[in-house]
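Undergrad: Below are the structure tokens for one structure; questions will follow.
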Protein chains: 2
Amino acid sequence: MAEASVEILCVGTELLLGNILNGNARWIAERLAALGLPHYRQTVVGDNPQRLAAAVLEAAQRSAVLITTGGLGPTPDDLTTATLASAFNTPLEERSELWLEIQAKLGQGGRPVAASNRRQALLPRGAEVLPNPLGSAPGMIWTPTPGFTVLTFPGVPSEMKAMWAQTADPWLRRHGGTSDVFVSRQLRFSGIGESSLAEQVSDLLEGANPTVAPYASLGDVTLRLTACADDSNQAEALLQPVETELRRRLGRFCYGTDQDSLASVVLRLLRDAGQTLAVAESCTGGALGAAVTAVPGSSQVFLGGVIAYSNAVKEQLLSVPSQVLAEHGAVSDPVVIAMAQGVRQRLGSDWAVAISGVAGPGGGDPEKPVGLVHLAVAGPDGCEAISQRFGDRRGRQAVQQLSVIRALDRLRLRLLSG
Amino acid sequence: MAEASVEILCVGTELLLGNILNGNARWIAERLAALGLPHYRQTVVGDNPQRLAAAVLEAAQRSAVLITTGGLGPTPDDLTTATLASAFNTPLEERSELWLEIQAKLGQGGRPVAASNRRQALLPRGAEVLPNPLGSAPGMIWTPTPGFTVLTFPGVPSEMKAMWAQTADPWLRRHGGTSDVFVSRQLRFSGIGESSLAEQVSDLLEGANPTVAPYASLGDVTLRLTACADDSNQAEALLQPVETELRRRLGRFCYGTDQDSLASVVLRLLRDAGQTLAVAESCTGGALGAAVTAVPGSSQVFLGGVIAYSNAVKEQLLSVPSQVLAEHGAVSDPVVIAMAQGVRQRLGSDWAVAISGVAGPGGGDPEKPVGLVHLAVAGPDGCEAISQRFGDRRGRQAVQQLSVIRALDRLRLRLLSG
């Protein structure tokens, strides 16, 4: 199946109703990418035999391998095996060894085995069992027509993943056909918009190997580099000069790679310097501390902080002078500077970050509109404040999240320039 | 389009590589279900014009409406609009009003607008603009061939959701075809698992009109009731007795409906009582404060708090006695009680909530394993503490989120029993 591709087909009405996220498709897609298998399409259909059969037959026209999830259970709406058999005009046969195994698994503890579970021992003639080490629903590996193989999995993620590791992963490595290896790297950027970034590297976005593709999420842009070669060393050798050139052009906008977050990068810089951090938060209400402490091991660096939502707390716990609050208002450079210095002194940290802003939807005025946020970073070499306007259209939680991102990025830049 | 169905097509190589979860498909599917629109298929393709065009033309054979997400940005791999135009042999035209709007949006603060953004002003001849109130990427509503309409959205979830609410939702209600009216209500539960809840109301889960469907997310179970009738009054009349019976059986496990969160419910109870709240957080690092302040208007009730991540902060800002820390350890009833009482006194609030636990992955021992969390709620009538074991398999962030949920729910129950 050189050049032939792998599709994913997820079966389940709960996906069409939006009751659950399709975590299975993402997980399998990630594994296919790591195996370097070409994967160009994912489909979701419900527990409906006609539409399921149509989707399978279409996939057979396009692809060499179809991975299905869902519809292998014992209830009447579990239709995947029977529908596949009928789509390819093949009879179902009971595998007596499967039925014995299902009885052994479900009968543990003396529970009676429901007759409906016997359906799970039926497979199309010619299909191999794809064993399920965790649950009662086995899958299959079946080539109903030359050049097209179906691998079926249950929808329960833990069972699907165990079956993948035990049987499907080695099978795909053996049958993957292509000898090409794909290596991907993600470069993560902060402080620059997607279109400005893309313009600065537009020539590199045109490259064929490695490919370079941007995508954006709130306050964050990622470039994904993917190289294809005969082996991983060669793929790395293709990636390396492009990554170097991207980093050269984009400089400190690039904060990390792959699994890095702004918080994990800041924590690493502080840990390497043997320094500590405290926070003082008004409009973010604890979200900056939460972002920092979401990273395992943050207790080596993060001491804590003060959520100074009301002005009384700003005065009392952070020693912000009441006349500064009265003169400049809570959302101002002088106040965030006093907050950062106050928490730094109070907790005895090397660094402190403070945030105060108008998260909205209420509370804005012409001078200090919704979306206006002031940030301060205090460190051993002094304290600086900046303000940002995130606008009033994105909503309260976006303003809070963007404030956290900007604050972490300012701290990162201060730590890098130290 | 009576009986005609709606498909979802998500465009983005990052989905095929498994870099991100397809939250957009889930969100749109949920909205289509709430609108009562038939939805039988979801597809994902990458940033590839041939495969995108093929998927669109296939959908045109099956469905009356196609919803696309992704590929509307300014970069070269944003291909959705141009590919749709070319698939239906229609020229692209620049909409001068769109280009002006994009310049106005992106040019705020005097930043220069990238020439690449001008591509976003191109739409196929005959397409209507689907306005984007948040970002620069507009979508469109286009009927390229009779009986088939495409609605395009960017992949950025906040923009997609704002465009949906403002334009797509009313459009789909007008063009939905069916004269039946669907009314849905979600009842939200905390403190009870999905299977226990389902057992207590199993007879009601069998109903046909209204249907009652459970779904679970981290620490939270929702029942969605959907009634179908000729008009909304009749649908309401069908819903009401079933909702009443569910509430009767499940009592205080039900914390709210529809858009309620535990935090919004707690804030409402406190606001109605004219009372205030403070928090003291160790293992959650600010996430409880963040959950409370994510709710608009929380400043009427929430004063702030202390992120007491290190023991020194617990002693210094919350007056937790050092001998209590030494004797019982930071994760203990006596310490969370002292934290709650300390922050309540310090900030002068009516109520205070404190959390201390072992979020993991490190830091656990046989006596205090990863996942063990102690919570305290202090109020005008005294302080009580409880402990919970969330286990070590769900990961750090799940332990943090579950701690926040349990803490808010304890406070809710205290406020209700007051």
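Lettering and numbering for the structure tokens are positional, with chains as A, B, ... in the shown order, residues counted from 1 in each chain, and ligands counted from 1 in the shown order.
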Excluding Ala280 (chain A) and any residue of its chain fewer than 4 positions from it, enumerate the residues within 7 Å of it, using only C-alpha atoms, and give them as a list in words.
TA: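 In the requested format, the answer is Gly305, Val306, Ile307, Ala308, Met339, Ala340, Val343, Val353, Ala354 and Ile355 of chain A.
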Undergrad: At a cut-off of 7 Å, using only C-alpha atoms, what residues contact region 144-149 of chain B? Leave out same-chain residues fewer than 5 positions from it and give the result as a list in words.
TA: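 So the residues in contact are Ala60, Ser63, Ala64, Val65, Leu66 and Phe88 of chain B.
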Undergrad: Would you save the residues of that selection, restricted to C-alpha atoms, as a CSV table (one decimal), in the first residue's frame?
TA:
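Result went into again06.csv, see below:
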chain,number,residue,atom,x,y,z
B,60,ALA,CA,-23.9,18.4,-2.0
B,63,SER,CA,-27.4,17.2,2.2
B,64,ALA,CA,-29.2,20.5,2.0
B,65,VAL,CA,-26.8,22.4,4.2
B,66,LEU,CA,-23.1,22.1,4.7
B,88,PHE,CA,-18.8,25.2,-8.3
Undergrad: Could you write out, as a PyMOL selection string, all the residues of region 3-152 of chain A that DSSP marks as helix (DSSP H, G or I)?
TA: chain A and resi 13-16+23-35+49-62+80-87+96-106+108-110+115-121
Undergrad: Taking only C-alpha atoms into account, which of B:Ala229, B:Val265, B:Ala121, B:Ala162 comes nearest chain A?
TA: B:Ala162
Undergrad: Just the residues within 12 Å of Leu151 (chain B), please, counting only C-alpha atoms, with nothing from its chain fewer than 3 positions along; format it as an mmCIF file with C-alpha atoms, in the first residue's frame.
TA:
data_model
loop_
_atom_site.group_PDB
_atom_site.id
_atom_site.type_symbol
_atom_site.label_atom_id
_atom_site.label_comp_id
_atom_site.auth_asym_id
_atom_site.auth_seq_id
_atom_site.Cartn_x
_atom_site.Cartn_y
_atom_site.Cartn_z
ATOM 1 C CA VAL B 6 -27.109 19.257 7.664
ATOM 2 C CA GLU B 7 -23.485 18.067 7.434
ATOM 3 C CA ILE B 8 -20.375 19.376 9.141
ATOM 4 C CA LEU B 9 -17.050 19.574 7.299
ATOM 5 C CA CYS B 10 -14.012 20.622 9.323
ATOM 6 C CA ILE B 28 -22.018 22.620 16.178
ATOM 7 C CA VAL B 56 -17.836 19.365 -0.647
ATOM 8 C CA ALA B 64 -29.216 20.469 1.994
ATOM 9 C CA VAL B 65 -26.847 22.419 4.223
ATOM 10 C CA LEU B 66 -23.104 22.117 4.711
ATOM 11 C CA ILE B 67 -21.419 23.843 7.656
ATOM 12 C CA THR B 68 -17.655 24.234 7.216
ATOM 13 C CA THR B 69 -15.079 25.340 9.779
ATOM 14 C CA GLY B 70 -11.491 26.359 9.135
ATOM 15 C CA LEU B 72 -10.736 31.281 6.231
ATOM 16 C CA THR B 80 -11.827 27.064 1.876
ATOM 17 C CA THR B 81 -13.406 30.042 0.108
ATOM 18 C CA LEU B 84 -15.608 26.233 -2.820
ATOM 19 C CA ALA B 127 -22.512 34.610 -1.754
ATOM 20 C CA GLU B 128 -23.770 36.556 1.247
ATOM 21 C CA VAL B 129 -21.372 37.673 3.960
ATOM 22 C CA LEU B 130 -21.646 35.778 7.265
ATOM 23 C CA PRO B 131 -20.260 38.542 9.484
ATOM 24 C CA PRO B 138 -15.675 36.676 7.551
ATOM 25 C CA GLY B 139 -17.643 33.607 6.532
ATOM 26 C CA MET B 140 -20.345 33.273 3.915
ATOM 27 C CA ILE B 141 -23.775 31.859 3.246
ATOM 28 C CA TRP B 142 -23.859 30.619 -0.317
ATOM 29 C CA THR B 143 -26.228 28.518 -2.390
ATOM 30 C CA PRO B 144 -23.997 27.440 -5.285
ATOM 31 C CA PHE B 148 -27.581 23.102 -1.349
ATOM 32 C CA PRO B 154 -13.324 30.167 10.742
ATOM 33 C CA MET B 160 -17.197 30.602 15.081
ATOM 34 C CA MET B 163 -20.967 34.123 14.183
ATOM 35 C CA TRP B 164 -23.236 31.165 14.878
ATOM 36 C CA THR B 167 -26.274 34.920 12.054
ATOM 37 C CA ALA B 168 -26.283 31.157 11.553
ATOM 38 C CA ASP B 169 -28.710 30.279 14.349
ATOM 39 C CA TRP B 171 -30.785 31.555 9.496
ATOM 40 C CA LEU B 172 -31.117 27.861 10.371
#
Undergrad: To test your reading of the structure, identify every residue in region 226-278 of chain B that backbone DSSP assigns to strand (DSSP E), and report it as an MDAnalysis selection string.
TA: chainID B and resid 226:229 254:257 277:278
Undergrad: Could the residues in this selection be written to a file with C-alpha atoms, as a short mmCIF file (atom, residue, chain, number, x, y, z; two decimals), in the first residue's frame?
TA:
data_model
loop_
_atom_site.label_atom_id
_atom_site.label_comp_id
_atom_site.auth_asym_id
_atom_site.auth_seq_id
_atom_site.Cartn_x
_atom_site.Cartn_y
_atom_site.Cartn_z
CA THR B 226 -36.06 17.73 24.46
CA ALA B 227 -39.73 18.03 23.63
CA CYS B 228 -41.21 18.33 20.14
CA ALA B 229 -44.60 19.86 19.44
CA CYS B 254 -29.60 19.37 40.68
CA TYR B 255 -27.76 22.67 40.88
CA GLY B 256 -29.12 24.50 37.89
CA THR B 257 -30.25 24.61 34.29
CA LEU B 277 -16.85 35.36 49.62
CA ALA B 278 -13.07 34.89 49.91
#
Undergrad: Can you list, as a list in words, every protein, DNA or RNA residue that comes within 10 Å of Ser202 (chain B) when you count only C-alpha atoms, leaving out same-chain residues fewer than 6 positions away?
TA: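 Skipping anything fewer than 6 positions along the chain leaves Ser195, Ser196 and Val212 of chain B.
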